[in-house]
Every structure is written in structure tokens, then in C-alpha cells.
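Printed here is coords36.txt (compact mmCIF, C-alpha atoms):
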```txt
# COMPACT_ATOMS: atom_id res chain seq x y z
CA MET A 616 17.31 120.64 147.32
CA THR A 617 20.26 118.27 146.93
CA LEU A 618 23.69 118.15 148.46
CA LEU A 619 26.49 119.62 146.37
CA GLY A 620 27.83 117.00 143.95
CA SER A 621 25.13 114.41 144.72
CA PRO A 622 22.39 113.33 142.30
CA ALA A 623 18.89 114.61 142.73
CA LEU A 624 16.27 112.41 144.37
CA GLY A 625 15.28 109.59 141.99
CA GLN A 626 18.17 110.37 139.65
CA ALA A 627 20.70 107.63 139.05
CA PRO A 628 24.34 108.48 139.72
CA PRO A 629 26.74 108.82 136.80
CA ILE A 630 27.41 105.47 135.16
CA GLY A 631 31.13 105.46 135.94
CA ALA A 632 30.67 106.24 139.63
CA GLY A 633 27.75 103.83 139.87
CA LEU A 634 29.75 101.02 138.26
CA VAL A 635 32.68 101.40 140.67
CA ARG A 636 30.36 101.50 143.67
CA GLN A 637 28.36 98.52 142.43
CA ALA A 638 31.53 96.52 141.70
CA ARG A 639 32.69 97.09 145.27
CA ALA A 640 29.28 95.96 146.49
CA GLU A 641 29.43 92.80 144.38
CA ILE A 642 32.91 91.96 145.67
CA MET A 643 31.61 92.45 149.22
CA LYS A 644 28.66 90.13 148.51
CA ILE A 645 31.02 87.35 147.51
CA ARG A 646 33.41 88.04 150.40
CA THR A 647 30.61 87.68 152.96
CA THR A 648 29.93 84.08 151.85
CA ASN A 649 31.91 80.94 152.60
CA THR A 650 32.02 79.99 148.92
CA TRP A 651 34.99 82.06 147.86
CA TRP A 652 37.41 80.82 150.50
CA LEU A 653 36.28 77.23 149.96
CA PHE A 654 37.12 77.70 146.29
CA LEU A 655 40.40 79.34 147.26
CA THR A 656 41.21 76.34 149.45
CA GLY A 657 40.47 74.14 146.44
CA VAL A 658 42.87 76.23 144.34
CA VAL A 659 45.63 75.73 146.93
CA VAL A 660 45.03 71.98 147.20
CA PHE A 661 44.86 71.36 143.45
CA THR A 662 47.88 73.58 142.76
CA ALA A 663 49.91 71.54 145.24
CA LEU A 664 48.64 68.33 143.64
CA ALA A 665 49.46 69.61 140.14
CA LEU A 666 52.98 70.60 141.19
CA TRP A 667 53.50 67.13 142.61
CA THR A 668 52.14 65.23 139.62
CA ASN A 669 53.86 67.49 137.07
CA GLY A 670 57.13 67.22 138.97
CA VAL A 671 57.00 63.43 139.15
CA SER A 672 56.04 63.01 135.50
CA GLN A 673 58.79 65.34 134.29
CA HIS A 674 61.33 63.64 136.54
CA PHE A 675 60.70 60.35 134.75
CA VAL A 676 61.02 62.13 131.40
CA LEU A 677 64.40 63.54 132.39
CA TYR A 678 65.54 60.34 134.13
CA PRO A 679 63.75 57.40 132.50
CA GLN A 680 63.84 54.01 134.22
CA LEU A 681 65.69 52.23 131.42
CA SER A 682 66.09 48.98 133.33
CA THR A 683 62.37 48.25 133.01
CA MET A 684 62.21 48.92 129.24
CA ASN A 685 62.86 46.90 126.12
CA GLY A 686 65.12 48.06 123.31
CA ALA A 687 62.60 50.19 121.40
CA GLU A 688 61.25 51.76 124.58
CA LYS A 689 64.79 52.59 125.74
CA ALA A 690 65.61 54.36 122.50
CA GLN A 691 62.41 56.39 122.66
CA ALA A 692 62.93 57.30 126.33
CA ILE A 693 66.53 58.39 125.70
CA ALA A 694 65.40 60.57 122.80
CA GLN A 695 62.67 62.16 124.93
CA ALA A 696 65.13 62.83 127.75
CA ALA A 697 67.57 64.45 125.32
CA GLN A 698 64.77 66.62 123.93
CA ALA A 699 63.64 67.59 127.43
CA ARG A 700 67.16 68.82 128.25
CA THR A 701 67.35 71.19 125.29
CA PRO A 702 66.68 74.89 126.03
CA ALA A 703 63.21 74.59 124.51
CA GLY A 704 62.47 71.41 126.47
CA VAL A 705 63.61 72.86 129.79
CA ALA A 706 61.57 76.02 129.12
CA MET A 707 58.54 73.80 128.53
CA ILE A 708 59.09 72.03 131.86
CA ALA A 709 59.47 75.39 133.63
CA THR A 710 56.27 76.64 132.00
CA LEU A 711 54.40 73.50 133.00
CA MET A 712 55.47 73.99 136.62
CA MET A 713 54.82 77.75 136.61
CA THR A 714 51.24 77.23 135.41
CA GLY A 715 50.60 74.25 137.68
CA GLY A 716 47.09 74.14 139.10
CA GLN A 717 45.47 76.16 136.35
CA PHE A 718 43.31 73.31 135.05
CA PHE A 719 41.20 73.22 138.22
CA GLY A 720 41.92 76.84 139.15
CA VAL A 721 40.01 78.24 136.20
CA LEU A 722 37.18 75.80 136.97
CA PHE A 723 36.80 77.39 140.40
CA ALA A 724 36.96 80.83 138.79
CA MET A 725 34.15 79.85 136.43
CA LEU A 726 32.04 78.51 139.27
CA ILE A 727 32.41 81.68 141.32
CA GLY A 728 31.26 83.60 138.25
CA VAL A 729 28.18 81.37 137.98
CA LEU A 730 27.35 81.78 141.67
CA ALA A 731 27.86 85.54 141.59
CA VAL A 732 24.74 85.91 139.47
CA THR A 733 22.66 82.83 140.29
CA ASN A 734 22.85 83.47 144.04
CA GLU A 735 20.59 86.48 143.45
CA SER A 736 17.86 84.21 142.11
CA ALA A 737 18.50 81.41 144.61
CA HIS A 738 18.21 83.76 147.60
CA GLN A 739 15.63 86.08 145.98
CA THR A 740 17.76 89.19 146.40
CA ALA A 741 17.66 90.27 142.75
CA THR A 742 14.70 92.61 143.33
CA ALA A 743 16.54 94.52 146.06
CA THR A 744 19.68 94.72 143.92
CA PHE A 745 17.85 96.15 140.90
CA LEU A 746 15.85 98.57 143.05
CA ALA A 747 19.10 99.90 144.49
CA THR A 748 20.70 100.06 141.03
CA PRO A 749 18.00 100.33 138.34
CA ARG A 750 20.52 100.12 135.49
CA ARG A 751 20.70 96.37 135.02
CA ALA A 752 23.61 96.63 132.61
CA VAL A 753 25.62 98.31 135.38
CA VAL A 754 24.75 95.49 137.79
CA ILE A 755 25.83 92.72 135.39
CA THR A 756 28.98 94.62 134.39
CA ALA A 757 29.83 95.07 138.07
CA LYS A 758 29.31 91.35 138.64
CA LEU A 759 31.63 90.66 135.70
CA ALA A 760 34.27 92.87 137.29
CA ALA A 761 33.84 91.18 140.67
CA ALA A 762 34.05 87.68 139.15
CA ALA A 763 37.18 88.66 137.21
CA TRP A 764 38.68 90.10 140.42
CA PHE A 765 38.25 86.80 142.25
CA GLY A 766 39.55 84.92 139.23
CA ALA A 767 42.69 87.07 139.35
CA LEU A 768 42.98 86.37 143.09
CA PHE A 769 42.87 82.62 142.47
CA TRP A 770 45.56 83.01 139.81
CA LEU A 771 47.77 85.05 142.15
CA VAL A 772 47.64 82.48 144.93
CA SER A 773 48.31 79.61 142.53
CA THR A 774 51.17 81.44 140.79
CA VAL A 775 52.86 82.40 144.07
CA MET A 776 52.88 78.71 145.01
CA ASP A 777 54.28 77.81 141.57
CA ALA A 778 56.94 80.52 141.77
CA VAL A 779 58.12 79.31 145.18
CA ILE A 780 58.33 75.62 144.27
CA THR A 781 59.54 75.73 140.64
CA PRO A 782 63.12 77.00 141.21
CA PHE A 783 63.73 74.35 143.90
CA TYR A 784 62.31 71.66 141.65
CA LEU A 785 64.43 72.65 138.64
CA HIS A 786 67.54 72.74 140.84
CA SER A 787 66.73 69.27 142.23
CA GLN A 788 66.51 67.95 138.65
CA HIS A 789 69.85 69.54 137.73
CA VAL A 790 68.40 71.63 134.92
CA SER A 791 68.72 75.38 134.54
CA VAL A 792 66.44 77.87 132.84
CA SER A 793 65.61 81.52 133.43
CA LEU A 794 62.08 81.95 134.74
CA THR A 795 62.19 85.45 133.27
CA GLY A 796 62.60 84.05 129.75
CA TRP A 797 59.87 85.16 127.35
CA VAL A 798 58.49 81.65 126.75
CA VAL A 799 57.82 81.18 130.47
CA VAL A 800 56.74 84.77 131.15
CA ARG A 801 54.30 84.80 128.22
CA SER A 802 52.44 81.77 129.55
CA VAL A 803 52.42 83.13 133.10
CA LEU A 804 51.04 86.47 131.89
CA LEU A 805 48.33 84.75 129.86
CA SER A 806 47.26 82.71 132.88
CA PRO A 807 45.48 85.55 134.77
CA LEU A 808 43.57 86.29 131.58
CA ALA A 809 42.46 82.66 131.51
CA PHE A 810 41.23 82.88 135.11
CA ALA A 811 39.43 86.20 134.53
CA ILE A 812 37.93 85.07 131.22
CA TRP A 813 36.59 81.84 132.71
CA ALA A 814 35.10 83.82 135.61
CA CYS A 815 33.31 86.05 133.09
CA PHE A 816 32.34 82.95 131.09
CA GLY A 817 30.70 81.50 134.19
CA LEU A 818 28.87 84.70 135.02
CA GLY A 819 27.50 85.00 131.50
CA LEU A 820 26.39 81.38 131.66
CA GLY A 821 24.66 81.99 134.99
CA ALA A 822 22.88 85.03 133.58
CA LEU A 823 21.54 82.96 130.69
CA ILE A 824 20.60 79.91 132.79
CA ARG A 825 18.73 81.11 135.88
CA SER A 826 18.87 77.74 137.65
CA GLN A 827 21.95 77.60 139.84
CA THR A 828 22.17 73.83 139.57
CA GLY A 829 21.61 73.90 135.82
CA SER A 830 24.25 76.54 135.17
CA VAL A 831 26.82 74.84 137.44
CA ILE A 832 26.30 71.47 135.74
CA THR A 833 26.42 73.05 132.29
CA GLY A 834 29.59 74.96 133.08
CA MET A 835 31.35 71.90 134.49
CA ALA A 836 30.26 69.82 131.51
CA VAL A 837 31.54 72.43 129.05
CA TYR A 838 34.88 72.59 130.83
CA LEU A 839 35.55 69.04 132.02
CA ALA A 840 33.97 67.13 129.14
CA GLY A 841 34.61 69.78 126.49
CA LEU A 842 38.23 68.86 125.90
CA ALA A 843 37.54 65.20 125.21
CA ALA A 844 34.34 65.94 123.28
CA ALA A 845 36.07 68.36 120.92
CA GLU A 846 38.96 65.99 120.28
CA ILE A 847 36.69 63.00 119.59
CA THR A 848 34.29 64.98 117.40
CA PHE A 849 36.93 66.41 115.10
CA HIS A 850 38.88 63.17 114.87
CA LEU A 851 35.69 61.49 113.68
CA ILE A 852 35.21 64.29 111.15
CA TYR A 853 38.82 63.82 110.03
CA ASN A 854 38.11 60.18 109.21
CA PHE A 855 35.59 61.33 106.56
CA TYR A 856 37.30 64.62 105.62
CA PRO A 857 41.07 64.08 105.97
CA HIS A 858 42.41 67.64 105.95
CA GLY A 859 45.03 68.86 108.42
CA TRP A 860 43.07 71.90 109.59
CA VAL A 861 40.32 69.60 110.95
CA LEU A 862 42.72 68.26 113.58
CA GLY A 863 43.40 71.84 114.71
CA ALA A 864 39.69 72.76 114.80
CA PRO A 865 39.07 71.47 118.38
CA VAL A 866 40.44 74.85 119.49
CA ILE A 867 36.93 76.23 118.99
CA GLY A 868 35.96 74.41 122.20
CA PRO A 869 36.42 76.66 125.26
CA ALA A 870 38.37 74.07 127.24
CA VAL A 871 40.73 73.42 124.31
CA ALA A 872 41.14 77.14 123.57
CA SER A 873 42.07 77.75 127.21
CA THR A 874 44.74 75.04 127.06
CA VAL A 875 46.15 76.37 123.78
CA MET A 876 46.16 79.88 125.24
CA ILE A 877 48.70 79.11 127.98
CA THR A 878 50.78 76.38 126.30
CA PRO A 879 53.96 77.58 124.60
CA GLY A 880 54.58 76.11 121.19
CA ARG A 881 51.89 73.62 120.24
CA ALA A 882 49.43 72.31 122.82
CA PHE A 883 48.85 69.32 120.52
CA ALA A 884 50.11 68.20 117.13
CA HIS A 885 47.96 70.47 114.94
CA ALA A 886 47.18 73.17 117.49
CA PRO A 887 47.16 76.84 116.42
CA PRO A 888 49.42 79.36 118.22
CA GLN A 889 48.66 80.78 121.66
CA TRP A 890 47.07 83.97 120.37
CA ALA A 891 44.33 81.96 118.65
CA GLY A 892 43.27 80.42 121.95
CA LEU A 893 43.25 83.87 123.55
CA VAL A 894 41.07 85.37 120.80
CA ILE A 895 38.58 82.50 121.00
CA MET A 896 38.31 82.70 124.79
CA VAL A 897 37.84 86.48 124.73
CA GLY A 898 35.15 85.98 122.10
CA TYR A 899 33.28 83.46 124.25
CA ALA A 900 33.47 85.65 127.36
CA ALA A 901 32.34 88.76 125.44
CA ALA A 902 29.45 86.92 123.76
CA LEU A 903 28.20 85.45 127.03
CA GLY A 904 28.63 88.76 128.85
CA VAL A 905 26.68 90.73 126.24
CA SER A 906 24.00 88.03 126.05
CA GLY A 907 23.72 87.97 129.83
CA ILE A 908 23.23 91.74 129.96
CA ALA A 909 20.63 91.63 127.18
CA VAL A 910 18.65 88.81 128.81
CA THR A 911 18.79 90.37 132.27
CA ARG A 912 17.54 93.72 130.97
CA ARG A 913 14.46 92.04 129.47
CA ARG A 914 13.81 89.51 132.20
CA ASP A 915 11.11 90.07 134.81
CA VAL A 916 12.43 90.00 138.36
CA THR A 917 10.13 88.96 141.18
```
Rendering of file as C-alpha cells:
Amino acid sequence: MTLLGSPALGQAPPIGAGLVRQARAEIMKIRTTNTWWLFLTGVVVFTALALWTNGVSQHFVLYPQLSTMNGAEKAQAIAQAAQARTPAGVAMIATLMMTGGQFFGVLFAMLIGVLAVTNESAHQTATATFLATPRRAVVITAKLAAAAWFGALFWLVSTVMDAVITPFYLHSQHVSVSLTGWVVVRSVLLSPLAFAIWACFGLGLGALIRSQTGSVITGMAVYLAGLAAAEITFHLIYNFYPHGWVLGAPVIGPAVASTVMITPGRAFAHAPPQWAGLVIMVGYAAALGVSGIAVTRRRDVT
């Protein structure tokens, strides 16, 4: 005899209800550790640092120190300042400030995704988790949802800081631009996707590489070294195969695709548009997520 509306003994609950319940459980698992708020503290610190460094660098673009430059340098600095004061240039500065902190923010999102799955192996709690929820695909999907949730939280905190500081900064530099303009809004709206996608990227990586240390090092290498590695690799290829599309090909690297995704206009000289970076990042996250589910379903848990 079973209670009305509850599954029979030994019968798994409906997938939808089980997924929601498991996602809440996974969020609670992360919340009961110190890791998430340490990462959140890192997001706050690096966002503040990014706002400072971006603000200083853009100040010297808008107001170059001409007295320290020679003739050619003065002409170039004056041209850059004039370009920065155009509507497009000011929108770029506003976008840079409104997405300040994302470079390290998405790194923390990726790491929390890695830890969400590797902690089970490190603390030998995977057996209990899979006994409570036999559908392993539901468990990994719930972990993906939890990782994305914390990624979105990191984005929210970073963006609130950006939104508070940016108007004061632009006013102090005597430039005016609407923060509700589409160029700025589009990049801000793509930012939470970047945080969530990198969180899913990290979780998929952790599902494929069981070692917590190995997956953390791999993830950081892909992100931190990936940008430079992609640029160097394709510039070397360009030396032997001088076609313009080769210089835009670094976008296939996750770190480059993430940068292209949130940068209005062109992230670099031959960069594809923003939507290309978004498609590539979604593809990486989906591939790692599906692979992680497939591997976890076949893997023995002890």
C-alpha cells in the first residue's frame, strides 16, 4: 500500500519531480561547504580589481599624457582618444566596465562546476548519492543545474558591482552613454550565459576526469593558457597558410570563444561576431555534459 500520489516502494519518482528535488539537493550540497563563498569572495575581489584597472586604462585612452610622448606617439594617442569619444567608442568603454570581472568570474564558475562532481569521488559519497537517486543521468543533470545556478549567482554579484560603479566612472570621465543601449545590454545579457556555460563546462570536465586535482589543473590550463595557445598556434599556421580566416580560427578555443561572446564588435582584428562565440561555447558545454552523463552511467562506483 502506498500513500496517495507517492511512488510505490522501489519505484523511482517521475523524472521531472526527481530532477527538481535532486537539483535542490545538489545546491544544498554546495551551500554547506566553504568553497562557494570563498569563490564568491574571489569574484568580488577580482571584479573590484578589474573595475580599477579598466578604469585607469580607459582614462589614459581618453586623456593621454601627451607631454611624455614624441610626435608620432602624440598623433596616435590623439586619434585613439578621438575614437574613444565617438558613440561607438564610449559604448565600448561602458561595455568593458559593465562586464568587469568576468575573466576571473567565469574561472570560479568553472571551478565550482568541477568540484560539484569531483567532490563525490574525493569524499566517497557517490555511492550514497546514486543509491538515493538510481538514475545517474538525473544526478548529473541536477549537478549541471546547480553549477549553472552558482555561475549565475557569481554573475549577478559581479554585475551589481559593475552597475553601481560604471555610471559614476563615466560621469567622472565626462563622457555620456546610455547603459540601456543595445550594444551594452547585449553584452551584459550574454555574460550570465558565459558564467553558466563555464560552470557546465567545468562539471562535464570533472565527470570525465575523476581526479579532482587533475580536472582542476586541466580546466585552469584550458582557460588561462587557452587564449594564448590558440593565438600562437593559428598565427604560426598563418605563416605557412596566409589566409584571413586562419586569424579568426582561434575562436574555436573555449577561452577565445568566451571573450568573443561578450565583446561587442570585434574582440580582435579577424574575430567572428558575438553569436559565433556563443554557439561554440554552447557546443562545448553540451558535448562535455552529454559525455559526462554517458561516462557516469557506465562507470563503476565504489
Surrounding residues of Thr911 in chain A excluding itself and chain neighbours under 6 positions, 10 Å, all atoms listed in the file, as a ChimeraX atom specification: /A:751-752,754-755,822-823,825,905
Against range 645-651 of chain A, which residues of range 673-762 of chain A fall within 12 Å? For each one I want the closest pair of atoms and the distance in Å (one decimal), counting all atoms listed in the file, rows by chain and increasing residue number, as a Markdown table.
```
| residue | atom | partner | partner_atom | distance |
| --- | --- | --- | --- | --- |
| A:Phe723 | CA | A:Trp651 | CA | 9.0 |
| A:Ala724 | CA | A:Trp651 | CA | 9.4 |
| A:Met725 | CA | A:Trp651 | CA | 11.7 |
| A:Leu726 | CA | A:Trp651 | CA | 9.8 |
| A:Ile727 | CA | A:Trp651 | CA | 7.0 |
| A:Gly728 | CA | A:Ile645 | CA | 10.0 |
| A:Val729 | CA | A:Ile645 | CA | 11.6 |
| A:Leu730 | CA | A:Thr650 | CA | 8.8 |
| A:Ala731 | CA | A:Ile645 | CA | 7.0 |
| A:Val732 | CA | A:Ile645 | CA | 10.3 |
| A:Thr733 | CA | A:Ile645 | CA | 11.9 |
| A:Asn734 | CA | A:Ile645 | CA | 9.7 |
| A:Glu735 | CA | A:Ile645 | CA | 11.2 |
| A:Lys758 | CA | A:Ile645 | CA | 9.9 |
| A:Ala761 | CA | A:Ile645 | CA | 8.3 |
| A:Ala762 | CA | A:Ile645 | CA | 8.9 |
```
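Minimum distance to Thr656 in chain A across A:Val772, A:Ile780, A:Met896, A:Ile812 (counting all atoms listed in the file) occurs at A:Val772.
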Closest to Arg636 in chain A among A:Ala694, A:Ala757, A:Ala706, A:Val871, using all atoms listed in the file? A:Ala757
Any idea what's packed within 12 Å of range 668-674 of chain A, counting all atoms listed in the file, ignoring anything in its chain fewer than 6 positions away? Could you give it as a JSON list (two decimals) with C-alpha atoms, in the coordinates of the input?
```json
[["chain", "number", "residue", "atom", "x", "y", "z"],
["A", 661, "PHE", "CA", 44.86, 71.36, 143.45],
["A", 662, "THR", "CA", 47.88, 73.58, 142.76],
["A", 680, "GLN", "CA", 63.84, 54.01, 134.22],
["A", 695, "GLN", "CA", 62.67, 62.16, 124.93],
["A", 696, "ALA", "CA", 65.13, 62.83, 127.75],
["A", 699, "ALA", "CA", 63.64, 67.59, 127.43],
["A", 700, "ARG", "CA", 67.16, 68.82, 128.25],
["A", 704, "GLY", "CA", 62.47, 71.41, 126.47],
["A", 705, "VAL", "CA", 63.61, 72.86, 129.79],
["A", 707, "MET", "CA", 58.54, 73.80, 128.53],
["A", 708, "ILE", "CA", 59.09, 72.03, 131.86],
["A", 709, "ALA", "CA", 59.47, 75.39, 133.63],
["A", 710, "THR", "CA", 56.27, 76.64, 132.00],
["A", 711, "LEU", "CA", 54.40, 73.50, 133.00],
["A", 712, "MET", "CA", 55.47, 73.99, 136.62],
["A", 713, "MET", "CA", 54.82, 77.75, 136.61],
["A", 714, "THR", "CA", 51.24, 77.23, 135.41],
["A", 715, "GLY", "CA", 50.60, 74.25, 137.68],
["A", 716, "GLY", "CA", 47.09, 74.14, 139.10],
["A", 777, "ASP", "CA", 54.28, 77.81, 141.57],
["A", 780, "ILE", "CA", 58.33, 75.62, 144.27],
["A", 781, "THR", "CA", 59.54, 75.73, 140.64],
["A", 782, "PRO", "CA", 63.12, 77.00, 141.21],
["A", 783, "PHE", "CA", 63.73, 74.35, 143.90],
["A", 784, "TYR", "CA", 62.31, 71.66, 141.65],
["A", 785, "LEU", "CA", 64.43, 72.65, 138.64],
["A", 786, "HIS", "CA", 67.54, 72.74, 140.84],
["A", 787, "SER", "CA", 66.73, 69.27, 142.23],
["A", 788, "GLN", "CA", 66.51, 67.95, 138.65],
["A", 789, "HIS", "CA", 69.85, 69.54, 137.73],
["A", 790, "VAL", "CA", 68.40, 71.63, 134.92]]
```
For CA of Ala760 in chain A and CA of Leu893 in chain A, determine how far apart the two atoms are, in Å to one decimal place.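 Rounded to one decimal, the two atoms are 18.7 Å apart.
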Would you please work out which residue, of A:Leu818, A:Ala843, A:Leu634, A:Ala640, is nearest to Val831 in chain A when using only C-alpha atoms?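 Looking at the shortest contact to Val831 in chain A, the residue is A:Leu818.
Ranking A:Ser826, A:Thr878, A:Ser773, A:Thr795 by their shortest atom-to-atom distance to Val660 in chain A, with all atoms listed in the file included, puts A:Ser773 first.
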Using CA of Val897 in chain A and CA of Phe719 in chain A as the two end points, give the distance in Å to one decimal. 19.2 Å
With distances taken over all atoms listed in the file, which residue among A:Gly720, A:Gly817, A:Gly880, A:Pro679 lies nearest Ala665 in chain A?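 Among the listed residues, the smallest separation from Ala665 in chain A belongs to A:Gly720.
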Using only C-alpha atoms - which residues lie no farther than 9 Å from the point (40.5, 87.9, 138.8) in the file's frame? Write them as a ChimeraX atom specification. /A:724,760-771,807-808,810-812,814
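Between CA of Ala703 in chain A and CA of Val798 in chain A there is a distance of 8.8 Å.
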Counting all atoms listed in the file, the residue of A:Ala891, A:Val658, A:Met876, A:Ala697 that sits nearest Ser802 in chain A: A:Met876
Because the input lacks atoms here, generate all heavy atoms for range 694-704 of chain A and report them as an mmCIF file, in the coordinates of the input.
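The file below, part_26.cif, is the result:
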```cif
data_model
loop_
_atom_site.group_PDB
_atom_site.id
_atom_site.type_symbol
_atom_site.label_atom_id
_atom_site.label_comp_id
_atom_site.auth_asym_id
_atom_site.auth_seq_id
_atom_site.Cartn_x
_atom_site.Cartn_y
_atom_site.Cartn_z
ATOM 1 N N ALA A 694 65.650 59.440 123.703
ATOM 2 C CA ALA A 694 65.400 60.570 122.800
ATOM 3 C C ALA A 694 64.539 61.631 123.481
ATOM 4 O O ALA A 694 64.795 62.836 123.346
ATOM 5 C CB ALA A 694 64.728 60.073 121.522
ATOM 6 N N GLN A 695 63.531 61.207 124.220
ATOM 7 C CA GLN A 695 62.670 62.160 124.930
ATOM 8 C C GLN A 695 63.449 62.908 126.004
ATOM 9 O O GLN A 695 63.263 64.112 126.189
ATOM 10 C CB GLN A 695 61.474 61.427 125.551
ATOM 11 C CG GLN A 695 60.456 60.939 124.533
ATOM 12 C CD GLN A 695 59.310 60.192 125.197
ATOM 13 O OE1 GLN A 695 59.416 59.731 126.333
ATOM 14 N NE2 GLN A 695 58.205 60.050 124.469
ATOM 15 N N ALA A 696 64.318 62.189 126.713
ATOM 16 C CA ALA A 696 65.130 62.830 127.750
ATOM 17 C C ALA A 696 66.069 63.861 127.138
ATOM 18 O O ALA A 696 66.259 64.959 127.685
ATOM 19 C CB ALA A 696 65.915 61.781 128.523
ATOM 20 N N ALA A 697 66.677 63.513 125.999
ATOM 21 C CA ALA A 697 67.570 64.450 125.320
ATOM 22 C C ALA A 697 66.804 65.696 124.872
ATOM 23 O O ALA A 697 67.286 66.829 125.007
ATOM 24 C CB ALA A 697 68.243 63.773 124.134
ATOM 25 N N GLN A 698 65.596 65.497 124.349
ATOM 26 C CA GLN A 698 64.770 66.620 123.930
ATOM 27 C C GLN A 698 64.366 67.487 125.118
ATOM 28 O O GLN A 698 64.353 68.716 125.041
ATOM 29 C CB GLN A 698 63.514 66.103 123.213
ATOM 30 C CG GLN A 698 62.516 67.187 122.806
ATOM 31 C CD GLN A 698 63.093 68.189 121.824
ATOM 32 O OE1 GLN A 698 63.936 67.826 120.984
ATOM 33 N NE2 GLN A 698 62.662 69.443 121.905
ATOM 34 N N ALA A 699 64.060 66.846 126.240
ATOM 35 C CA ALA A 699 63.640 67.590 127.430
ATOM 36 C C ALA A 699 64.774 68.441 127.988
ATOM 37 O O ALA A 699 64.515 69.453 128.654
ATOM 38 C CB ALA A 699 63.144 66.616 128.500
ATOM 39 N N ARG A 700 66.022 68.063 127.718
ATOM 40 C CA ARG A 700 67.160 68.820 128.250
ATOM 41 C C ARG A 700 67.635 69.932 127.323
ATOM 42 O O ARG A 700 68.561 70.661 127.671
ATOM 43 C CB ARG A 700 68.313 67.858 128.558
ATOM 44 C CG ARG A 700 68.017 66.950 129.733
ATOM 45 C CD ARG A 700 69.173 66.048 130.088
ATOM 46 N NE ARG A 700 68.891 65.277 131.295
ATOM 47 C CZ ARG A 700 69.019 65.731 132.540
ATOM 48 N NH1 ARG A 700 69.445 66.964 132.730
ATOM 49 N NH2 ARG A 700 68.721 64.959 133.558
ATOM 50 N N THR A 701 67.033 70.054 126.158
ATOM 51 C CA THR A 701 67.350 71.190 125.290
ATOM 52 C C THR A 701 66.777 72.462 125.899
ATOM 53 O O THR A 701 65.891 72.399 126.766
ATOM 54 C CB THR A 701 66.767 70.982 123.885
ATOM 55 O OG1 THR A 701 65.328 70.947 123.979
ATOM 56 C CG2 THR A 701 67.275 69.695 123.257
ATOM 57 N N PRO A 702 67.256 73.648 125.489
ATOM 58 C CA PRO A 702 66.680 74.890 126.030
ATOM 59 C C PRO A 702 65.161 74.972 125.885
ATOM 60 O O PRO A 702 64.467 75.384 126.814
ATOM 61 C CB PRO A 702 67.395 75.973 125.204
ATOM 62 C CG PRO A 702 68.713 75.357 124.836
ATOM 63 C CD PRO A 702 68.419 73.906 124.616
ATOM 64 N N ALA A 703 64.655 74.548 124.719
ATOM 65 C CA ALA A 703 63.210 74.590 124.510
ATOM 66 C C ALA A 703 62.497 73.599 125.431
ATOM 67 O O ALA A 703 61.425 73.896 125.976
ATOM 68 C CB ALA A 703 62.875 74.280 123.053
ATOM 69 N N GLY A 704 63.087 72.421 125.605
ATOM 70 C CA GLY A 704 62.470 71.410 126.470
ATOM 71 C C GLY A 704 62.449 71.831 127.922
ATOM 72 O O GLY A 704 61.445 71.646 128.619
#
```
